[in-house]
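Trainee: Structure file my_file.tsv (TSV, N, CA and C atoms) right here:
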chain	number	residue	atom	x	y	z
X	1	MET	N	-17.14	-9.19	3.79
X	1	MET	CA	-15.98	-9.63	3.05
X	1	MET	C	-15.64	-8.57	2.01
X	2	GLY	N	-14.38	-8.23	1.92
X	2	GLY	CA	-13.94	-7.19	1.00
X	2	GLY	C	-13.59	-7.73	-0.37
X	3	GLU	N	-13.13	-6.83	-1.20
X	3	GLU	CA	-12.75	-7.18	-2.56
X	3	GLU	C	-11.35	-7.79	-2.62
X	4	ILE	N	-10.51	-7.50	-1.62
X	4	ILE	CA	-9.14	-8.02	-1.62
X	4	ILE	C	-9.16	-9.43	-1.07
X	5	ALA	N	-8.71	-10.38	-1.91
X	5	ALA	CA	-8.64	-11.77	-1.49
X	5	ALA	C	-7.46	-11.95	-0.55
X	6	THR	N	-7.70	-12.67	0.54
X	6	THR	CA	-6.64	-12.93	1.50
X	6	THR	C	-6.50	-14.44	1.69
X	7	SER	N	-5.37	-14.83	2.25
X	7	SER	CA	-5.11	-16.24	2.45
X	7	SER	C	-4.32	-16.45	3.72
X	8	LYS	N	-4.55	-17.57	4.37
X	8	LYS	CA	-3.76	-17.94	5.53
X	8	LYS	C	-2.42	-18.53	5.09
X	9	ARG	N	-2.31	-18.89	3.83
X	9	ARG	CA	-1.12	-19.57	3.32
X	9	ARG	C	-0.08	-18.64	2.72
X	10	GLN	N	-0.46	-17.40	2.45
X	10	GLN	CA	0.50	-16.48	1.84
X	10	GLN	C	0.24	-15.05	2.27
X	11	ILE	N	1.24	-14.22	2.05
X	11	ILE	CA	1.15	-12.80	2.34
X	11	ILE	C	0.98	-12.07	1.02
X	12	THR	N	-0.02	-11.22	0.94
X	12	THR	CA	-0.20	-10.39	-0.24
X	12	THR	C	0.51	-9.08	0.03
X	13	LEU	N	1.41	-8.70	-0.87
X	13	LEU	CA	2.19	-7.49	-0.69
X	13	LEU	C	1.91	-6.51	-1.83
X	14	PHE	N	1.28	-5.39	-1.49
X	14	PHE	CA	1.06	-4.31	-2.44
X	14	PHE	C	2.26	-3.39	-2.34
X	15	TYR	N	2.93	-3.15	-3.46
X	15	TYR	CA	4.16	-2.37	-3.44
X	15	TYR	C	4.40	-1.70	-4.78
X	16	SER	N	5.34	-0.76	-4.78
X	16	SER	CA	5.80	-0.13	-6.02
X	16	SER	C	7.16	-0.71	-6.36
X	17	SER	N	7.32	-1.17	-7.58
X	17	SER	CA	8.59	-1.76	-8.00
X	17	SER	C	9.72	-0.72	-8.03
X	18	LYS	N	9.38	0.55	-7.90
X	18	LYS	CA	10.39	1.60	-7.86
X	18	LYS	C	10.80	1.97	-6.43
X	19	SER	N	10.17	1.35	-5.47
X	19	SER	CA	10.42	1.66	-4.06
X	19	SER	C	11.57	0.82	-3.52
X	20	ARG	N	12.54	1.50	-2.96
X	20	ARG	CA	13.68	0.80	-2.35
X	20	ARG	C	13.24	-0.03	-1.15
X	21	ARG	N	12.37	0.54	-0.33
X	21	ARG	CA	11.86	-0.19	0.84
X	21	ARG	C	11.12	-1.46	0.41
X	22	ALA	N	10.35	-1.36	-0.65
X	22	ALA	CA	9.61	-2.53	-1.14
X	22	ALA	C	10.56	-3.61	-1.62
X	23	LYS	N	11.59	-3.23	-2.36
X	23	LYS	CA	12.58	-4.21	-2.84
X	23	LYS	C	13.28	-4.88	-1.67
X	24	GLN	N	13.61	-4.10	-0.65
X	24	GLN	CA	14.26	-4.66	0.54
X	24	GLN	C	13.31	-5.58	1.29
X	25	THR	N	12.04	-5.21	1.36
X	25	THR	CA	11.04	-6.04	2.04
X	25	THR	C	10.87	-7.37	1.32
X	26	LEU	N	10.78	-7.33	0.00
X	26	LEU	CA	10.66	-8.57	-0.78
X	26	LEU	C	11.88	-9.45	-0.58
X	27	ALA	N	13.06	-8.87	-0.62
X	27	ALA	CA	14.30	-9.64	-0.45
X	27	ALA	C	14.33	-10.27	0.95
X	28	TYR	N	13.94	-9.51	1.95
X	28	TYR	CA	13.93	-10.03	3.32
X	28	TYR	C	12.92	-11.19	3.44
X	29	ALA	N	11.74	-11.02	2.88
X	29	ALA	CA	10.72	-12.07	2.93
X	29	ALA	C	11.21	-13.34	2.24
X	30	GLN	N	11.91	-13.19	1.13
X	30	GLN	CA	12.43	-14.35	0.40
X	30	GLN	C	13.49	-15.07	1.22
X	31	THR	N	14.36	-14.33	1.92
X	31	THR	CA	15.39	-14.98	2.74
X	31	THR	C	14.76	-15.73	3.91
X	32	LYS	N	13.60	-15.28	4.36
X	32	LYS	CA	12.90	-15.95	5.46
X	32	LYS	C	11.97	-17.05	4.95
X	33	GLY	N	11.87	-17.20	3.64
X	33	GLY	CA	11.03	-18.24	3.07
X	33	GLY	C	9.54	-17.97	3.17
X	34	LEU	N	9.17	-16.71	3.31
X	34	LEU	CA	7.75	-16.37	3.42
X	34	LEU	C	7.08	-16.44	2.05
X	35	PRO	N	5.91	-17.07	1.97
X	35	PRO	CA	5.18	-17.12	0.69
X	35	PRO	C	4.53	-15.77	0.41
X	36	ILE	N	4.96	-15.11	-0.66
X	36	ILE	CA	4.50	-13.77	-0.99
X	36	ILE	C	3.78	-13.76	-2.34
X	37	GLN	N	2.61	-13.15	-2.36
X	37	GLN	CA	1.94	-12.82	-3.63
X	37	GLN	C	2.23	-11.35	-3.86
X	38	GLU	N	3.00	-11.07	-4.89
X	38	GLU	CA	3.42	-9.70	-5.18
X	38	GLU	C	2.42	-9.00	-6.08
X	39	ILE	N	2.03	-7.78	-5.70
X	39	ILE	CA	1.17	-6.96	-6.54
X	39	ILE	C	1.83	-5.60	-6.68
X	40	ASP	N	2.43	-5.39	-7.84
X	40	ASP	CA	3.09	-4.12	-8.14
X	40	ASP	C	2.01	-3.12	-8.55
X	41	ILE	N	1.79	-2.12	-7.70
X	41	ILE	CA	0.71	-1.17	-7.95
X	41	ILE	C	0.96	-0.29	-9.18
X	42	LEU	N	2.19	-0.29	-9.69
X	42	LEU	CA	2.47	0.46	-10.91
X	42	LEU	C	2.04	-0.32	-12.15
X	43	LYS	N	1.95	-1.65	-12.02
X	43	LYS	CA	1.53	-2.51	-13.14
X	43	LYS	C	0.09	-2.97	-13.01
X	44	THR	N	-0.37	-3.11	-11.78
X	44	THR	CA	-1.73	-3.56	-11.50
X	44	THR	C	-2.40	-2.52	-10.62
X	45	PRO	N	-3.04	-1.53	-11.23
X	45	PRO	CA	-3.64	-0.44	-10.45
X	45	PRO	C	-4.72	-0.95	-9.50
X	46	LEU	N	-4.78	-0.32	-8.34
X	46	LEU	CA	-5.81	-0.65	-7.37
X	46	LEU	C	-7.14	-0.02	-7.77
X	47	THR	N	-8.22	-0.71	-7.46
X	47	THR	CA	-9.54	-0.14	-7.70
X	47	THR	C	-9.89	0.79	-6.53
X	48	GLY	N	-10.88	1.61	-6.74
X	48	GLY	CA	-11.33	2.48	-5.67
X	48	GLY	C	-11.79	1.70	-4.46
X	49	THR	N	-12.46	0.58	-4.69
X	49	THR	CA	-12.92	-0.27	-3.60
X	49	THR	C	-11.75	-0.85	-2.82
X	50	GLN	N	-10.70	-1.26	-3.53
X	50	GLN	CA	-9.52	-1.81	-2.86
X	50	GLN	C	-8.82	-0.74	-2.01
X	51	ILE	N	-8.70	0.46	-2.55
X	51	ILE	CA	-8.08	1.55	-1.79
X	51	ILE	C	-8.87	1.85	-0.52
X	52	MET	N	-10.18	1.91	-0.65
X	52	MET	CA	-11.04	2.17	0.50
X	52	MET	C	-10.95	1.03	1.52
X	53	GLU	N	-10.90	-0.20	1.03
X	53	GLU	CA	-10.78	-1.36	1.93
X	53	GLU	C	-9.45	-1.33	2.69
X	54	ILE	N	-8.37	-1.01	2.00
X	54	ILE	CA	-7.06	-0.90	2.65
X	54	ILE	C	-7.10	0.17	3.74
X	55	ALA	N	-7.64	1.33	3.41
X	55	ALA	CA	-7.74	2.41	4.39
X	55	ALA	C	-8.56	1.97	5.60
X	56	ASN	N	-9.70	1.36	5.36
X	56	ASN	CA	-10.57	0.91	6.45
X	56	ASN	C	-9.89	-0.14	7.32
X	57	ARG	N	-9.22	-1.10	6.68
X	57	ARG	CA	-8.57	-2.17	7.44
X	57	ARG	C	-7.37	-1.66	8.23
X	58	LEU	N	-6.70	-0.62	7.72
X	58	LEU	CA	-5.60	0.00	8.44
X	58	LEU	C	-6.09	1.03	9.46
X	59	GLN	N	-7.40	1.26	9.45
X	59	GLN	CA	-8.05	2.25	10.32
X	59	GLN	C	-7.47	3.64	10.08
X	60	LEU	N	-7.34	3.97	8.79
X	60	LEU	CA	-6.86	5.28	8.36
X	60	LEU	C	-7.89	5.93	7.46
X	61	LYS	N	-7.78	7.23	7.32
X	61	LYS	CA	-8.56	7.93	6.30
X	61	LYS	C	-7.82	7.74	4.98
X	62	VAL	N	-8.53	7.80	3.87
X	62	VAL	CA	-7.90	7.61	2.57
X	62	VAL	C	-6.77	8.60	2.37
X	63	LYS	N	-6.96	9.84	2.79
X	63	LYS	CA	-5.92	10.85	2.61
X	63	LYS	C	-4.64	10.48	3.35
X	64	ASP	N	-4.76	9.69	4.43
X	64	ASP	CA	-3.59	9.28	5.20
X	64	ASP	C	-2.79	8.19	4.51
X	65	LEU	N	-3.33	7.62	3.43
X	65	LEU	CA	-2.59	6.65	2.62
X	65	LEU	C	-1.66	7.34	1.62
X	66	VAL	N	-1.80	8.64	1.49
X	66	VAL	CA	-1.00	9.40	0.51
X	66	VAL	C	0.30	9.86	1.16
X	67	ASN	N	1.40	9.52	0.50
X	67	ASN	CA	2.71	9.97	0.94
X	67	ASN	C	2.94	11.37	0.38
X	68	GLN	N	2.63	12.38	1.17
X	68	GLN	CA	2.72	13.75	0.70
X	68	GLN	C	4.16	14.23	0.58
X	69	GLU	N	5.11	13.41	1.01
X	69	GLU	CA	6.52	13.74	0.84
X	69	GLU	C	7.12	13.12	-0.42
X	70	HIS	N	6.34	12.29	-1.11
X	70	HIS	CA	6.83	11.66	-2.34
X	70	HIS	C	7.04	12.73	-3.40
X	71	PRO	N	8.13	12.66	-4.16
X	71	PRO	CA	8.40	13.67	-5.19
X	71	PRO	C	7.25	13.86	-6.18
X	72	SER	N	6.55	12.79	-6.53
X	72	SER	CA	5.43	12.91	-7.47
X	72	SER	C	4.29	13.73	-6.89
X	73	TYR	N	4.14	13.66	-5.58
X	73	TYR	CA	3.09	14.45	-4.93
X	73	TYR	C	3.53	15.90	-4.80
X	74	SER	N	4.70	16.11	-4.23
X	74	SER	CA	5.14	17.48	-3.93
X	74	SER	C	5.43	18.30	-5.19
X	75	SER	N	5.78	17.64	-6.29
X	75	SER	CA	6.10	18.39	-7.50
X	75	SER	C	4.87	18.77	-8.32
X	76	THR	N	3.76	18.06	-8.14
X	76	THR	CA	2.59	18.32	-8.97
X	76	THR	C	1.34	18.74	-8.21
X	77	MET	N	1.36	18.58	-6.90
X	77	MET	CA	0.15	18.86	-6.14
X	77	MET	C	0.45	19.74	-4.93
X	78	GLU	N	-0.56	20.40	-4.49
X	78	GLU	CA	-0.48	21.15	-3.24
X	78	GLU	C	-1.28	20.39	-2.20
X	79	HIS	N	-1.11	20.75	-0.96
X	79	HIS	CA	-1.90	20.11	0.10
X	79	HIS	C	-3.36	20.53	-0.06
X	80	HIS	N	-4.22	19.53	-0.10
X	80	HIS	CA	-5.65	19.77	-0.34
X	80	HIS	C	-6.48	19.09	0.73
X	81	ASN	N	-7.71	19.53	0.82
X	81	ASN	CA	-8.70	18.87	1.65
X	81	ASN	C	-9.73	18.22	0.73
X	82	PHE	N	-9.30	17.14	0.07
X	82	PHE	CA	-10.16	16.42	-0.85
X	82	PHE	C	-11.14	15.52	-0.09
X	83	SER	N	-12.19	15.12	-0.80
X	83	SER	CA	-13.09	14.09	-0.28
X	83	SER	C	-12.39	12.74	-0.47
X	84	ASP	N	-12.91	11.69	0.15
X	84	ASP	CA	-12.34	10.35	-0.03
X	84	ASP	C	-12.31	9.97	-1.51
X	85	GLU	N	-13.38	10.28	-2.22
X	85	GLU	CA	-13.46	9.94	-3.64
X	85	GLU	C	-12.36	10.65	-4.44
X	86	ASP	N	-12.11	11.91	-4.11
X	86	ASP	CA	-11.05	12.66	-4.80
X	86	ASP	C	-9.67	12.09	-4.49
X	87	TRP	N	-9.44	11.70	-3.23
X	87	TRP	CA	-8.16	11.09	-2.87
X	87	TRP	C	-7.99	9.77	-3.59
X	88	ILE	N	-9.05	8.99	-3.68
X	88	ILE	CA	-8.99	7.70	-4.39
X	88	ILE	C	-8.60	7.93	-5.84
X	89	LYS	N	-9.25	8.88	-6.50
X	89	LYS	CA	-8.92	9.19	-7.90
X	89	LYS	C	-7.47	9.66	-8.03
X	90	THR	N	-7.01	10.45	-7.07
X	90	THR	CA	-5.64	10.95	-7.09
X	90	THR	C	-4.65	9.78	-6.99
X	91	ILE	N	-4.93	8.84	-6.09
X	91	ILE	CA	-4.07	7.66	-5.95
X	91	ILE	C	-4.12	6.81	-7.22
X	92	GLN	N	-5.30	6.65	-7.79
X	92	GLN	CA	-5.42	5.83	-9.00
X	92	GLN	C	-4.66	6.44	-10.17
X	93	HIS	N	-4.65	7.75	-10.29
X	93	HIS	CA	-3.95	8.42	-11.39
X	93	HIS	C	-2.45	8.51	-11.16
X	94	ASN	N	-2.04	8.38	-9.90
X	94	ASN	CA	-0.63	8.46	-9.56
X	94	ASN	C	-0.33	7.48	-8.42
X	95	PRO	N	-0.31	6.17	-8.71
X	95	PRO	CA	-0.16	5.16	-7.66
X	95	PRO	C	1.14	5.26	-6.86
X	96	ALA	N	2.14	5.93	-7.42
X	96	ALA	CA	3.42	6.06	-6.71
X	96	ALA	C	3.29	6.83	-5.40
X	97	ILE	N	2.23	7.62	-5.25
X	97	ILE	CA	2.07	8.40	-4.02
X	97	ILE	C	1.45	7.61	-2.88
X	98	LEU	N	1.01	6.39	-3.15
X	98	LEU	CA	0.43	5.55	-2.10
X	98	LEU	C	1.53	5.11	-1.14
X	99	LYS	N	1.28	5.28	0.16
X	99	LYS	CA	2.23	4.77	1.15
X	99	LYS	C	2.26	3.25	1.00
X	100	GLN	N	3.42	2.70	0.93
X	100	GLN	CA	3.58	1.27	0.73
X	100	GLN	C	4.99	0.86	1.10
X	101	PRO	N	5.27	-0.40	1.21
X	101	PRO	CA	4.43	-1.57	0.92
X	101	PRO	C	3.37	-1.81	2.00
X	102	ILE	N	2.33	-2.48	1.57
X	102	ILE	CA	1.23	-2.87	2.45
X	102	ILE	C	1.14	-4.38	2.39
X	103	ALA	N	1.21	-5.02	3.54
X	103	ALA	CA	1.17	-6.48	3.61
X	103	ALA	C	-0.13	-6.94	4.25
X	104	ILE	N	-0.73	-7.97	3.64
X	104	ILE	CA	-1.97	-8.54	4.16
X	104	ILE	C	-1.79	-10.04	4.28
X	105	HIS	N	-2.12	-10.55	5.44
X	105	HIS	CA	-2.09	-12.00	5.67
X	105	HIS	C	-3.36	-12.35	6.43
X	106	ASP	N	-4.23	-13.11	5.79
X	106	ASP	CA	-5.51	-13.49	6.36
X	106	ASP	C	-6.27	-12.22	6.74
X	107	GLU	N	-6.55	-11.98	8.00
X	107	GLU	CA	-7.29	-10.79	8.43
X	107	GLU	C	-6.39	-9.66	8.90
X	108	LYS	N	-5.08	-9.90	8.94
X	108	LYS	CA	-4.13	-8.91	9.46
X	108	LYS	C	-3.56	-8.09	8.31
X	109	ILE	N	-3.36	-6.80	8.56
X	109	ILE	CA	-2.81	-5.89	7.56
X	109	ILE	C	-1.86	-4.92	8.25
X	110	ILE	N	-0.73	-4.64	7.57
X	110	ILE	CA	0.21	-3.66	8.12
X	110	ILE	C	0.76	-2.80	6.99
X	111	LEU	N	1.12	-1.60	7.35
X	111	LEU	CA	1.87	-0.72	6.48
X	111	LEU	C	3.33	-0.94	6.88
X	112	VAL	N	4.11	-1.47	5.95
X	112	VAL	CA	5.49	-1.84	6.24
X	112	VAL	C	6.35	-0.58	6.32
X	113	GLU	N	6.89	-0.33	7.50
X	113	GLU	CA	7.76	0.85	7.71
X	113	GLU	C	9.23	0.48	7.49
X	114	THR	N	9.61	-0.72	7.92
X	114	THR	CA	10.96	-1.23	7.70
X	114	THR	C	10.83	-2.64	7.13
X	115	PRO	N	11.78	-3.10	6.34
X	115	PRO	CA	11.67	-4.42	5.71
X	115	PRO	C	11.40	-5.56	6.70
X	116	THR	N	11.93	-5.47	7.90
X	116	THR	CA	11.72	-6.56	8.87
X	116	THR	C	10.30	-6.59	9.44
X	117	ASP	N	9.52	-5.54	9.20
X	117	ASP	CA	8.12	-5.54	9.67
X	117	ASP	C	7.34	-6.70	9.08
X	118	ILE	N	7.76	-7.20	7.93
X	118	ILE	CA	7.01	-8.26	7.24
X	118	ILE	C	6.87	-9.51	8.11
X	119	ILE	N	7.80	-9.75	9.01
X	119	ILE	CA	7.69	-10.94	9.85
X	119	ILE	C	6.63	-10.79	10.93
X	120	ARG	N	6.18	-9.55	11.19
X	120	ARG	CA	5.12	-9.33	12.19
X	120	ARG	C	3.78	-9.86	11.71
X	121	ILE	N	3.66	-10.07	10.43
X	121	ILE	CA	2.37	-10.48	9.89
X	121	ILE	C	2.31	-11.98	9.77
Would you mind writing the file out in structure tokens?

Mentor:
Amino acid sequence: MGEIATSKRQITLFYSSKSRRAKQTLAYAQTKGLPIQEIDILKTPLTGTQIMEIANRLQLKVKDLVNQEHPSYSSTMEHHNFSDEDWIKTIQHNPAILKQPIAIHDEKIILVETPTDIIRI
């Protein structure tokens, strides 16, 4: 059992309140009446354990959770070959670079690419 609490009754959505895709996803979920627990990663930072759990559940490496095209990443960082721990610290210090939104429902997890993906979960 991981650190991220899940429920069969609601969808947990990790997102950035500055993300247009996240806002569209939330709006779409509300129009469909989906029960959403919102976690704005800019206000509620993820722990290292949570980041690792998300990566593992998505079957990705931690570095693959980083949006290297995000302006915050490209303006301040170069492409690196960090360890998982270094990537976790990088995400924690700059949560805007995390690929998101990420939706979790019970045991299922998805990286939302388009707002309508939320209904797949």

Trainee: Would you compute the distance between CA of Lys23 (chain X) and CA of Leu111 (chain X)? Give it in Å to one decimal.

Mentor: 14.6 Å

Trainee: For a quick check of understanding, using only C-alpha atoms, which of X:Ile39, X:Arg21, X:Leu26, X:Leu46 has the smallest distance to Asn94 (chain X)?

Mentor: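 Result for the nearest residue to Asn94 (chain X): X:Leu46.
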
Trainee: Looking at X:Val66, X:Ile110, X:Ile104, X:Ile118, which one is nearest to Thr6 (chain X), with distances taken over only N, CA and C atoms?

Mentor: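 Selected residue with least distance to Thr6 (chain X): X:Ile104.
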
Trainee: In Å, how far is it from CA of Ile54 (chain X) to atom N of Pro71 (chain X)?

Mentor: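 Computing the Euclidean distance for CA of Ile54 (chain X) and atom N of Pro71 (chain X) yields 21.5 Å.
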
Trainee: Rounded to one decimal place, report the atom C of Asn56 (chain X)-atom C of Thr12 (chain X) distance in Å.

Mentor: 15.5 Å
